file query-v3.csv (CSV, N, CA and C atoms)
chain,number,residue,atom,x,y,z
S,1,ASN,N,179.6,113.5,145.6
S,1,ASN,CA,180.2,113.2,144.3
S,1,ASN,C,181.6,113.9,144.2
S,2,GLN,N,181.6,115.2,144.7
S,2,GLN,CA,182.8,116.0,144.6
S,2,GLN,C,183.9,115.4,145.5
S,3,ASN,N,183.6,114.8,146.7
S,3,ASN,CA,184.6,114.2,147.5
S,3,ASN,C,185.1,112.9,146.9
S,4,LEU,N,184.2,112.1,146.2
S,4,LEU,CA,184.6,110.9,145.6
S,4,LEU,C,185.6,111.3,144.4
S,5,TYR,N,185.3,112.3,143.7
S,5,TYR,CA,186.1,112.7,142.6
S,5,TYR,C,187.5,113.1,143.1
S,6,LYS,N,187.6,113.8,144.2
S,6,LYS,CA,188.9,114.2,144.8
S,6,LYS,C,189.7,113.0,145.2
S,7,ILE,N,189.0,112.0,145.8
S,7,ILE,CA,189.7,110.8,146.2
S,7,ILE,C,190.2,110.1,145.0
S,8,TYR,N,189.4,110.0,143.9
S,8,TYR,CA,189.8,109.3,142.7
S,8,TYR,C,191.0,110.1,142.1
S,9,GLN,N,190.9,111.4,142.0
S,9,GLN,CA,192.0,112.2,141.4
S,9,GLN,C,193.3,112.0,142.2
S,10,THR,N,193.2,112.0,143.5
S,10,THR,CA,194.4,111.8,144.3
S,10,THR,C,195.0,110.5,144.1
S,11,ARG,N,194.2,109.5,144.1
S,11,ARG,CA,194.6,108.1,143.9
S,11,ARG,C,195.3,107.9,142.5
S,12,ASN,N,194.8,108.6,141.5
S,12,ASN,CA,195.5,108.5,140.2
S,12,ASN,C,196.8,109.2,140.1
S,13,GLU,N,197.0,110.2,140.9
S,13,GLU,CA,198.2,111.0,140.9
S,13,GLU,C,199.3,110.3,141.7
S,14,GLN,N,199.0,109.4,142.7
S,14,GLN,CA,200.0,108.8,143.5
S,14,GLN,C,200.8,107.8,142.7
S,15,ALA,N,202.0,107.5,143.2
S,15,ALA,CA,202.9,106.6,142.6
S,15,ALA,C,202.3,105.1,142.8
S,16,SER,N,202.7,104.3,141.8
S,16,SER,CA,202.2,102.9,141.8
S,16,SER,C,203.3,102.0,142.2
S,17,ALA,N,203.1,101.1,143.2
S,17,ALA,CA,204.1,100.1,143.6
S,17,ALA,C,204.4,99.2,142.4
S,18,VAL,N,203.4,98.9,141.6
S,18,VAL,CA,203.6,98.0,140.5
S,18,VAL,C,204.6,98.6,139.5
S,19,GLU,N,204.5,99.9,139.2
S,19,GLU,CA,205.4,100.5,138.3
S,19,GLU,C,206.9,100.4,138.8
S,20,VAL,N,207.0,100.6,140.1
S,20,VAL,CA,208.3,100.5,140.7
S,20,VAL,C,208.9,99.1,140.6
S,21,LEU,N,208.1,98.1,140.9
S,21,LEU,CA,208.5,96.7,140.8
S,21,LEU,C,208.9,96.4,139.4
S,22,GLU,N,208.1,96.9,138.4
S,22,GLU,CA,208.4,96.6,137.0
S,22,GLU,C,209.8,97.2,136.6
S,23,LYS,N,210.1,98.4,137.1
S,23,LYS,CA,211.4,99.0,136.8
S,23,LYS,C,212.5,98.2,137.5
S,24,LEU,N,212.3,97.8,138.7
S,24,LEU,CA,213.3,97.1,139.5
S,24,LEU,C,213.6,95.8,138.9
S,25,THR,N,212.6,95.1,138.3
S,25,THR,CA,212.8,93.8,137.7
S,25,THR,C,213.9,93.8,136.7
S,26,SER,N,214.0,94.9,135.9
S,26,SER,CA,215.0,95.0,134.9
S,26,SER,C,216.3,95.5,135.4
S,27,LEU,N,216.4,96.0,136.6
S,27,LEU,CA,217.6,96.6,137.1
S,27,LEU,C,218.3,95.7,138.1
S,28,VAL,N,217.6,94.8,138.8
S,28,VAL,CA,218.2,94.0,139.8
S,28,VAL,C,218.9,92.8,139.1
S,29,PRO,N,220.3,92.7,139.3
S,29,PRO,CA,221.0,91.6,138.7
S,29,PRO,C,220.6,90.2,139.3
S,30,ASP,N,220.8,89.1,138.6
S,30,ASP,CA,220.5,87.8,139.1
S,30,ASP,C,221.2,87.4,140.4
S,31,THR,N,222.3,88.1,140.6
S,31,THR,CA,223.2,87.7,141.8
S,31,THR,C,222.9,88.6,143.0
S,32,ILE,N,221.8,89.3,142.9
S,32,ILE,CA,221.3,90.1,144.1
S,32,ILE,C,219.9,89.5,144.5
S,33,TYR,N,219.8,89.3,145.8
S,33,TYR,CA,218.6,88.8,146.4
S,33,TYR,C,218.0,89.8,147.3
S,34,LEU,N,216.7,90.2,147.0
S,34,LEU,CA,216.1,91.2,147.8
S,34,LEU,C,215.4,90.5,149.0
S,35,THR,N,215.6,91.0,150.2
S,35,THR,CA,215.0,90.4,151.4
S,35,THR,C,213.8,91.3,151.9
S,36,SER,N,213.8,92.6,151.5
S,36,SER,CA,212.8,93.5,152.0
S,36,SER,C,212.5,94.6,151.0
S,37,PHE,N,211.3,95.0,150.9
S,37,PHE,CA,210.8,96.0,150.0
S,37,PHE,C,209.8,96.9,150.7
S,38,SER,N,210.1,98.2,150.8
S,38,SER,CA,209.2,99.1,151.5
S,38,SER,C,208.8,100.2,150.5
S,39,PHE,N,207.5,100.5,150.5
S,39,PHE,CA,207.0,101.5,149.6
S,39,PHE,C,206.0,102.4,150.3
S,40,GLN,N,206.2,103.7,150.2
S,40,GLN,CA,205.3,104.6,150.9
S,40,GLN,C,205.1,105.9,150.0
S,41,ASN,N,203.8,106.1,149.7
S,41,ASN,CA,203.5,107.3,148.9
S,41,ASN,C,203.6,108.5,149.8
S,42,SER,N,204.1,109.6,149.1
S,42,SER,CA,204.2,110.8,149.8
S,42,SER,C,204.0,112.0,148.8
S,43,PHE,N,204.0,113.2,149.3
S,43,PHE,CA,203.8,114.3,148.4
S,43,PHE,C,204.5,115.5,149.1
S,44,GLN,N,204.8,116.5,148.2
S,44,GLN,CA,205.3,117.8,148.7
S,44,GLN,C,204.5,118.9,147.9
S,45,GLU,N,204.2,119.9,148.6
S,45,GLU,CA,203.5,121.0,148.0
S,45,GLU,C,204.5,121.9,147.2
S,46,ILE,N,204.1,122.2,146.0
S,46,ILE,CA,205.0,122.9,145.1
S,46,ILE,C,204.2,124.1,144.6
S,47,GLN,N,204.9,125.3,144.7
S,47,GLN,CA,204.2,126.5,144.2
S,47,GLN,C,204.7,126.9,142.8
S,48,ASP,N,203.7,127.0,141.9
S,48,ASP,CA,204.0,127.4,140.5
S,48,ASP,C,204.5,128.9,140.6
S,49,PRO,N,205.7,129.2,140.1
S,49,PRO,CA,206.2,130.6,140.2
S,49,PRO,C,205.3,131.6,139.3
S,50,LYS,N,204.7,131.1,138.3
S,50,LYS,CA,204.0,132.0,137.4
S,50,LYS,C,202.6,132.3,138.0
S,51,THR,N,201.9,131.2,138.3
S,51,THR,CA,200.5,131.4,138.8
S,51,THR,C,200.3,131.5,140.3
S,52,LYS,N,201.4,131.2,141.0
S,52,LYS,CA,201.4,131.2,142.5
S,52,LYS,C,200.4,130.2,143.1
S,53,ASN,N,199.9,129.3,142.3
S,53,ASN,CA,199.1,128.2,142.8
S,53,ASN,C,199.9,127.1,143.4
S,54,THR,N,199.4,126.5,144.4
S,54,THR,CA,200.1,125.4,145.1
S,54,THR,C,199.5,124.1,144.6
S,55,VAL,N,200.4,123.2,144.2
S,55,VAL,CA,199.9,121.9,143.7
S,55,VAL,C,200.7,120.8,144.5
S,56,LYS,N,200.2,119.6,144.5
S,56,LYS,CA,200.9,118.5,145.2
S,56,LYS,C,201.7,117.7,144.2
S,57,GLY,N,202.9,117.6,144.5
S,57,GLY,CA,203.8,116.7,143.7
S,57,GLY,C,204.0,115.4,144.4
S,58,PHE,N,203.4,114.3,143.8
S,58,PHE,CA,203.5,113.0,144.4
S,58,PHE,C,204.7,112.2,144.0
S,59,PHE,N,205.2,111.5,145.0
S,59,PHE,CA,206.4,110.6,144.8
S,59,PHE,C,206.3,109.5,145.8
S,60,ALA,N,207.2,108.5,145.7
S,60,ALA,CA,207.2,107.4,146.7
S,60,ALA,C,208.6,107.3,147.3
S,61,ASN,N,208.6,107.0,148.6
S,61,ASN,CA,209.8,106.6,149.3
S,61,ASN,C,210.0,105.1,149.2
S,62,ILE,N,211.2,104.7,148.7
S,62,ILE,CA,211.4,103.2,148.5
S,62,ILE,C,212.6,102.9,149.4
S,63,ARG,N,212.5,101.7,150.0
S,63,ARG,CA,213.6,101.1,150.8
S,63,ARG,C,213.7,99.7,150.4
S,64,LEU,N,215.0,99.3,150.0
S,64,LEU,CA,215.3,97.9,149.6
S,64,LEU,C,216.4,97.4,150.5
S,65,GLU,N,216.2,96.1,150.9
S,65,GLU,CA,217.3,95.4,151.6
S,65,GLU,C,217.5,94.1,150.9
S,66,GLY,N,218.8,93.7,151.0
S,66,GLY,CA,219.1,92.4,150.3
S,66,GLY,C,220.5,92.0,150.5
S,67,ILE,N,220.9,91.0,149.7
S,67,ILE,CA,222.2,90.4,149.8
S,67,ILE,C,222.8,90.4,148.3
S,68,ALA,N,224.0,90.9,148.1
S,68,ALA,CA,224.6,90.9,146.8
S,68,ALA,C,225.8,89.9,146.9
S,69,GLN,N,225.9,89.2,145.8
S,69,GLN,CA,226.9,88.1,145.7
S,69,GLN,C,228.3,88.7,146.0
S,70,ASN,N,228.6,89.9,145.5
S,70,ASN,CA,229.9,90.6,145.8
S,70,ASN,C,229.7,92.1,145.7
S,71,ARG,N,230.7,92.8,146.1
S,71,ARG,CA,230.7,94.3,146.1
S,71,ARG,C,230.6,94.8,144.7
S,72,GLU,N,231.2,94.2,143.8
S,72,GLU,CA,231.2,94.7,142.4
S,72,GLU,C,229.7,94.7,141.8
S,73,THR,N,229.0,93.6,142.1
S,73,THR,CA,227.6,93.5,141.7
S,73,THR,C,226.8,94.6,142.3
S,74,LEU,N,227.1,94.8,143.6
S,74,LEU,CA,226.3,95.9,144.3
S,74,LEU,C,226.6,97.3,143.7
S,75,PHE,N,227.9,97.5,143.4
S,75,PHE,CA,228.2,98.8,142.7
S,75,PHE,C,227.5,98.9,141.4
S,76,LEU,N,227.4,97.9,140.6
S,76,LEU,CA,226.7,98.0,139.3
S,76,LEU,C,225.2,98.2,139.5
S,77,PHE,N,224.7,97.6,140.6
S,77,PHE,CA,223.3,97.8,140.9
S,77,PHE,C,223.0,99.3,141.3
S,78,ARG,N,223.9,99.8,142.1
S,78,ARG,CA,223.8,101.2,142.5
S,78,ARG,C,223.9,102.1,141.3
S,79,LYS,N,224.8,101.8,140.4
S,79,LYS,CA,224.9,102.6,139.2
S,79,LYS,C,223.6,102.6,138.3
S,80,SER,N,223.0,101.4,138.2
S,80,SER,CA,221.8,101.2,137.4
S,80,SER,C,220.7,102.0,138.1
S,81,LEU,N,220.6,102.0,139.4
S,81,LEU,CA,219.5,102.7,140.1
S,81,LEU,C,219.7,104.2,139.9
S,82,SER,N,220.9,104.7,140.0
S,82,SER,CA,221.2,106.1,139.8
S,82,SER,C,221.0,106.6,138.4
S,83,GLN,N,221.1,105.8,137.4
S,83,GLN,CA,220.9,106.2,136.0
S,83,GLN,C,219.4,106.1,135.6
S,84,GLU,N,218.6,105.5,136.4
S,84,GLU,CA,217.2,105.4,136.1
S,84,GLU,C,216.5,106.8,136.3
S,85,PRO,N,216.0,107.5,135.3
S,85,PRO,CA,215.5,108.8,135.5
S,85,PRO,C,214.4,109.0,136.6
S,86,SER,N,213.6,107.9,136.8
S,86,SER,CA,212.5,108.0,137.8
S,86,SER,C,213.0,107.9,139.2
S,87,PHE,N,214.2,107.4,139.4
S,87,PHE,CA,214.7,107.2,140.8
S,87,PHE,C,215.6,108.4,141.1
S,88,LYS,N,215.4,109.0,142.2
S,88,LYS,CA,216.2,110.2,142.7
S,88,LYS,C,216.7,109.9,144.1
S,89,ASP,N,217.8,110.6,144.4
S,89,ASP,CA,218.3,110.6,145.8
S,89,ASP,C,218.7,109.1,146.2
S,90,VAL,N,219.3,108.4,145.4
S,90,VAL,CA,219.7,107.0,145.7
S,90,VAL,C,220.8,107.0,146.7
S,91,TYR,N,220.5,106.3,147.8
S,91,TYR,CA,221.5,106.3,149.0
S,91,TYR,C,221.7,104.9,149.5
S,92,PHE,N,222.9,104.4,149.5
S,92,PHE,CA,223.2,103.1,150.1
S,92,PHE,C,223.9,103.3,151.4
S,93,SER,N,223.4,102.6,152.4
S,93,SER,CA,224.0,102.6,153.7
S,93,SER,C,225.5,102.3,153.7
S,94,PRO,N,226.4,103.0,154.4
S,94,PRO,CA,227.8,102.7,154.4
S,94,PRO,C,228.1,101.2,154.8
S,95,ASN,N,227.3,100.6,155.6
S,95,ASN,CA,227.5,99.2,156.0
S,95,ASN,C,227.3,98.3,154.8
S,96,SER,N,226.7,98.8,153.7
S,96,SER,CA,226.5,98.0,152.5
S,96,SER,C,227.8,97.6,151.9
S,97,TRP,N,228.8,98.4,152.1
S,97,TRP,CA,230.1,98.2,151.4
S,97,TRP,C,231.2,97.5,152.2
S,98,VAL,N,230.8,97.1,153.4
S,98,VAL,CA,231.8,96.5,154.3
S,98,VAL,C,232.3,95.1,153.8
S,99,LYS,N,231.4,94.2,153.5
S,99,LYS,CA,231.7,92.9,153.1
S,99,LYS,C,231.9,92.8,151.6
S,100,SER,N,233.0,92.1,151.2
S,100,SER,CA,233.3,92.0,149.8
S,100,SER,C,232.5,90.9,149.1
S,101,ILE,N,232.1,89.9,149.9
S,101,ILE,CA,231.3,88.7,149.4
S,101,ILE,C,230.1,88.6,150.3
S,102,ASN,N,229.0,88.2,149.7
S,102,ASN,CA,227.7,88.1,150.3
S,102,ASN,C,227.4,89.4,151.2
S,103,ALA,N,227.5,90.5,150.5
S,103,ALA,CA,227.3,91.8,151.1
S,103,ALA,C,225.8,92.1,151.4
S,104,ASP,N,225.5,92.3,152.7
S,104,ASP,CA,224.2,92.8,153.1
S,104,ASP,C,224.1,94.2,152.8
S,105,PHE,N,223.0,94.6,152.1
S,105,PHE,CA,222.9,96.1,151.8
S,105,PHE,C,221.5,96.6,152.1
S,106,SER,N,221.4,97.9,152.2
S,106,SER,CA,220.1,98.6,152.3
S,106,SER,C,220.3,99.9,151.5
S,107,THR,N,219.2,100.2,150.8
S,107,THR,CA,219.2,101.4,150.0
S,107,THR,C,217.9,102.1,150.1
S,108,ASP,N,217.9,103.4,150.0
S,108,ASP,CA,216.7,104.3,150.1
S,108,ASP,C,216.8,105.2,148.8
S,109,PHE,N,215.6,105.4,148.2
S,109,PHE,CA,215.6,106.4,147.1
S,109,PHE,C,214.1,106.8,146.9
S,110,LYS,N,213.9,107.8,146.1
S,110,LYS,CA,212.6,108.3,145.8
S,110,LYS,C,212.3,107.9,144.4
S,111,TYR,N,211.0,107.6,144.2
S,111,TYR,CA,210.5,107.3,142.8
S,111,TYR,C,209.5,108.4,142.4
S,112,PHE,N,209.8,109.1,141.3
S,112,PHE,CA,208.9,110.1,140.8
S,112,PHE,C,208.2,109.6,139.5
S,113,PRO,N,206.9,109.3,139.6
S,113,PRO,CA,206.2,108.7,138.4
S,113,PRO,C,206.2,109.7,137.2
S,114,SER,N,206.4,109.2,136.0
S,114,SER,CA,206.3,110.0,134.8
S,114,SER,C,204.9,110.4,134.5
S,115,LYS,N,204.6,111.5,134.1
S,115,LYS,CA,203.3,112.0,133.8
S,115,LYS,C,202.9,111.7,132.4

call {"tool": "encode", "arguments": {"input": "query-v3.csv", "output": "structure tokens"}}
result
Amino acid sequence: NQNLYKIYQTRNEQASAVEVLEKLTSLVPDTIYLTSFSFQNSFQEIQDPKTKNTVKGFFANIRLEGIAQNRETLFLFRKSLSQEPSFKDVYFSPNSWVKSINADFSTDFKYFPSK
């Protein structure tokens, strides 16, 4: 029972792909078409400075690929992602900015679920 509880607890702490997709739905403009979505749960061990206990901080690594109608739309999308508090370390590949029309892009960022 103790092992099942640990599995249950870990599963509840992990990031949810559904939550990420819900947030992205409101941020992706109609003129951007996603061609690929990658989601991977991850964690880092964080030591509490007061208690010296080590806890796991869960987050998700996200990768999106797609096509933007133009560079301006892509810029606004990058800005929206960067302003979302749950998304950190938003990075767009330099190749994303080469074409001014029908720009192929790829972006990587981390998702930290709110507690």

call {"tool": "select_by_dssp", "arguments": {"input": "query-v3.csv", "residues": "chain S", "states": "strand (DSSP E or B)", "output": "JSON, numbers by chain"}}
result
{"S": [32, 33, 34, 35, 36, 37, 38, 39, 40, 41, 42, 43, 44, 45, 46, 47, 54, 55, 56, 57, 58, 59, 60, 61, 62, 63, 64, 65, 66, 67, 68, 69, 70, 87, 88, 89, 90, 91, 92, 101, 102, 103, 104, 105, 106, 107, 108, 109, 110, 111]}

call {"tool": "closest_residue", "arguments": {"input": "query-v3.csv", "among": "S:Phe112, S:Tyr33, S:Phe43, S:Phe77", "to": "S:Val55", "atoms": "only N, CA and C atoms"}}
result
S:Phe43

call {"tool": "select_by_dssp", "arguments": {"input": "query-v3.csv", "residues": "chain S", "states": "alpha helix (DSSP H)", "output": "PyMOL selection string"}}
result
chain S and resi 2-13+17-27+71-83

call {"tool": "closest_residue", "arguments": {"input": "query-v3.csv", "among": "S:Pro85, S:Pro49, S:Gly57, S:Gln40", "to": "S:Ala17", "atoms": "all atoms listed in the file"}}
result
S:Gln40

call {"tool": "closest_residue", "arguments": {"input": "query-v3.csv", "among": "S:Lys56, S:Lys23, S:Arg71, S:Lys110", "to": "S:Val90", "atoms": "all atoms listed in the file"}}
result
S:Lys110

call {"tool": "closest_residue", "arguments": {"input": "query-v3.csv", "among": "S:Leu81, S:Ile62, S:Ile101, S:Ile67", "to": "S:Thr35", "atoms": "only N, CA and C atoms"}}
result
S:Ile67

call {"tool": "atom_distance", "arguments": {"input": "query-v3.csv", "atom1": "atom CA of S:Asp89", "atom2": "atom CA of S:Phe109"}}
result
5.2 Å

call {"tool": "residues_around", "arguments": {"input": "query-v3.csv", "residues": "S:Phe105", "least_positions_apart": "4", "cutoff": "8 Å", "atoms": "only N, CA and C atoms", "output": "PyMOL selection string"}}
result
chain S and resi 64-68+92-97

call {"tool": "write_last_selection", "arguments": {"input": "query-v3.csv", "atoms": "N, CA and C atoms", "output": "short mmCIF file (atom, residue, chain, number, x, y, z; two decimals), keeping the file's coordinate frame"}}
result
data_model
loop_
_atom_site.label_atom_id
_atom_site.label_comp_id
_atom_site.auth_asym_id
_atom_site.auth_seq_id
_atom_site.Cartn_x
_atom_site.Cartn_y
_atom_site.Cartn_z
N LEU S 64 215.00 99.30 150.00
CA LEU S 64 215.30 97.90 149.60
C LEU S 64 216.40 97.40 150.50
N GLU S 65 216.20 96.10 150.90
CA GLU S 65 217.30 95.40 151.60
C GLU S 65 217.50 94.10 150.90
N GLY S 66 218.80 93.70 151.00
CA GLY S 66 219.10 92.40 150.30
C GLY S 66 220.50 92.00 150.50
N ILE S 67 220.90 91.00 149.70
CA ILE S 67 222.20 90.40 149.80
C ILE S 67 222.80 90.40 148.30
N ALA S 68 224.00 90.90 148.10
CA ALA S 68 224.60 90.90 146.80
C ALA S 68 225.80 89.90 146.90
N PHE S 92 222.90 104.40 149.50
CA PHE S 92 223.20 103.10 150.10
C PHE S 92 223.90 103.30 151.40
N SER S 93 223.40 102.60 152.40
CA SER S 93 224.00 102.60 153.70
C SER S 93 225.50 102.30 153.70
N PRO S 94 226.40 103.00 154.40
CA PRO S 94 227.80 102.70 154.40
C PRO S 94 228.10 101.20 154.80
N ASN S 95 227.30 100.60 155.60
CA ASN S 95 227.50 99.20 156.00
C ASN S 95 227.30 98.30 154.80
N SER S 96 226.70 98.80 153.70
CA SER S 96 226.50 98.00 152.50
C SER S 96 227.80 97.60 151.90
N TRP S 97 228.80 98.40 152.10
CA TRP S 97 230.10 98.20 151.40
C TRP S 97 231.20 97.50 152.20
#

call {"tool": "atom_distance", "arguments": {"input": "query-v3.csv", "atom1": "atom CA of S:Ser114", "atom2": "atom CA of S:Gln47"}}
result
19.1 Å

call {"tool": "atom_distance", "arguments": {"input": "query-v3.csv", "atom1": "atom CA of S:Thr107", "atom2": "atom C of S:Val28"}}
result
13.9 Å

call {"tool": "closest_residue", "arguments": {"input": "query-v3.csv", "among": "S:Ser86, S:Ser106, S:Gln14, S:Ser26", "to": "S:Ser42", "atoms": "only C-alpha atoms"}}
result
S:Gln14

call {"tool": "residues_around", "arguments": {"input": "query-v3.csv", "residues": "S:Pro29", "least_positions_apart": "5", "cutoff": "8 Å", "atoms": "only N, CA and C atoms", "output": "list in words"}}
result
Leu24, Thr73, Leu76 and Phe77 of chain S

call {"tool": "closest_residue", "arguments": {"input": "query-v3.csv", "among": "S:Glu13, S:Asp104, S:Glu19, S:Glu84", "to": "S:Phe58", "atoms": "only C-alpha atoms"}}
result
S:Glu13

call {"tool": "build_atoms", "arguments": {"input": "query-v3.csv", "residues": "stretch 80-89 of chain S", "atoms": "all heavy atoms", "output": "JSON list (two decimals), in the frame of the given file"}}
result
[["chain", "number", "residue", "atom", "x", "y", "z"],
["S", 80, "SER", "N", 223.00, 101.40, 138.20],
["S", 80, "SER", "CA", 221.80, 101.20, 137.40],
["S", 80, "SER", "C", 220.70, 102.00, 138.10],
["S", 80, "SER", "O", 219.90, 102.69, 137.35],
["S", 80, "SER", "CB", 221.39, 99.77, 137.37],
["S", 80, "SER", "OG", 222.33, 99.02, 136.66],
["S", 81, "LEU", "N", 220.60, 102.00, 139.40],
["S", 81, "LEU", "CA", 219.50, 102.70, 140.10],
["S", 81, "LEU", "C", 219.70, 104.20, 139.90],
["S", 81, "LEU", "O", 218.75, 104.98, 139.59],
["S", 81, "LEU", "CB", 219.50, 102.45, 141.57],
["S", 81, "LEU", "CG", 218.92, 101.13, 142.03],
["S", 81, "LEU", "CD1", 219.07, 100.98, 143.54],
["S", 81, "LEU", "CD2", 217.46, 100.98, 141.63],
["S", 82, "SER", "N", 220.90, 104.70, 140.00],
["S", 82, "SER", "CA", 221.20, 106.10, 139.80],
["S", 82, "SER", "C", 221.00, 106.60, 138.40],
["S", 82, "SER", "O", 220.68, 107.81, 138.22],
["S", 82, "SER", "CB", 222.69, 106.40, 140.20],
["S", 82, "SER", "OG", 222.91, 106.07, 141.54],
["S", 83, "GLN", "N", 221.10, 105.80, 137.40],
["S", 83, "GLN", "CA", 220.90, 106.20, 136.00],
["S", 83, "GLN", "C", 219.40, 106.10, 135.60],
["S", 83, "GLN", "O", 219.10, 106.66, 134.54],
["S", 83, "GLN", "CB", 221.75, 105.32, 135.09],
["S", 83, "GLN", "CG", 223.23, 105.59, 135.24],
["S", 83, "GLN", "CD", 224.08, 104.66, 134.39],
["S", 83, "GLN", "OE1", 223.63, 103.62, 133.92],
["S", 83, "GLN", "NE2", 225.34, 105.04, 134.19],
["S", 84, "GLU", "N", 218.60, 105.50, 136.40],
["S", 84, "GLU", "CA", 217.20, 105.40, 136.10],
["S", 84, "GLU", "C", 216.50, 106.80, 136.30],
["S", 84, "GLU", "O", 216.59, 107.29, 137.48],
["S", 84, "GLU", "CB", 216.47, 104.35, 136.89],
["S", 84, "GLU", "CG", 214.97, 104.36, 136.83],
["S", 84, "GLU", "CD", 214.41, 104.18, 135.43],
["S", 84, "GLU", "OE1", 214.88, 103.30, 134.70],
["S", 84, "GLU", "OE2", 213.48, 104.94, 135.07],
["S", 85, "PRO", "N", 216.00, 107.50, 135.30],
["S", 85, "PRO", "CA", 215.50, 108.80, 135.50],
["S", 85, "PRO", "C", 214.40, 109.00, 136.60],
["S", 85, "PRO", "O", 214.21, 110.03, 137.17],
["S", 85, "PRO", "CB", 214.93, 109.23, 134.12],
["S", 85, "PRO", "CG", 215.51, 108.25, 133.18],
["S", 85, "PRO", "CD", 215.85, 107.02, 133.95],
["S", 86, "SER", "N", 213.60, 107.90, 136.80],
["S", 86, "SER", "CA", 212.50, 108.00, 137.80],
["S", 86, "SER", "C", 213.00, 107.90, 139.20],
["S", 86, "SER", "O", 212.21, 108.23, 140.11],
["S", 86, "SER", "CB", 211.48, 106.89, 137.49],
["S", 86, "SER", "OG", 210.96, 106.99, 136.20],
["S", 87, "PHE", "N", 214.20, 107.40, 139.40],
["S", 87, "PHE", "CA", 214.70, 107.20, 140.80],
["S", 87, "PHE", "C", 215.60, 108.40, 141.10],
["S", 87, "PHE", "O", 216.56, 108.68, 140.35],
["S", 87, "PHE", "CB", 215.45, 105.90, 140.90],
["S", 87, "PHE", "CG", 214.59, 104.68, 140.67],
["S", 87, "PHE", "CD1", 215.14, 103.53, 140.14],
["S", 87, "PHE", "CD2", 213.25, 104.67, 140.99],
["S", 87, "PHE", "CE1", 214.37, 102.39, 139.93],
["S", 87, "PHE", "CE2", 212.46, 103.55, 140.78],
["S", 87, "PHE", "CZ", 213.02, 102.41, 140.25],
["S", 88, "LYS", "N", 215.40, 109.00, 142.20],
["S", 88, "LYS", "CA", 216.20, 110.20, 142.70],
["S", 88, "LYS", "C", 216.70, 109.90, 144.10],
["S", 88, "LYS", "O", 216.13, 109.14, 144.84],
["S", 88, "LYS", "CB", 215.38, 111.45, 142.66],
["S", 88, "LYS", "CG", 214.75, 111.79, 141.33],
["S", 88, "LYS", "CD", 215.77, 112.23, 140.33],
["S", 88, "LYS", "CE", 215.08, 112.65, 139.04],
["S", 88, "LYS", "NZ", 215.90, 112.58, 137.90],
["S", 89, "ASP", "N", 217.80, 110.60, 144.40],
["S", 89, "ASP", "CA", 218.30, 110.60, 145.80],
["S", 89, "ASP", "C", 218.70, 109.10, 146.20],
["S", 89, "ASP", "O", 218.34, 108.73, 147.35],
["S", 89, "ASP", "CB", 217.40, 111.24, 146.81],
["S", 89, "ASP", "CG", 217.08, 112.67, 146.47],
["S", 89, "ASP", "OD1", 217.92, 113.34, 145.86],
["S", 89, "ASP", "OD2", 215.97, 113.13, 146.82]]
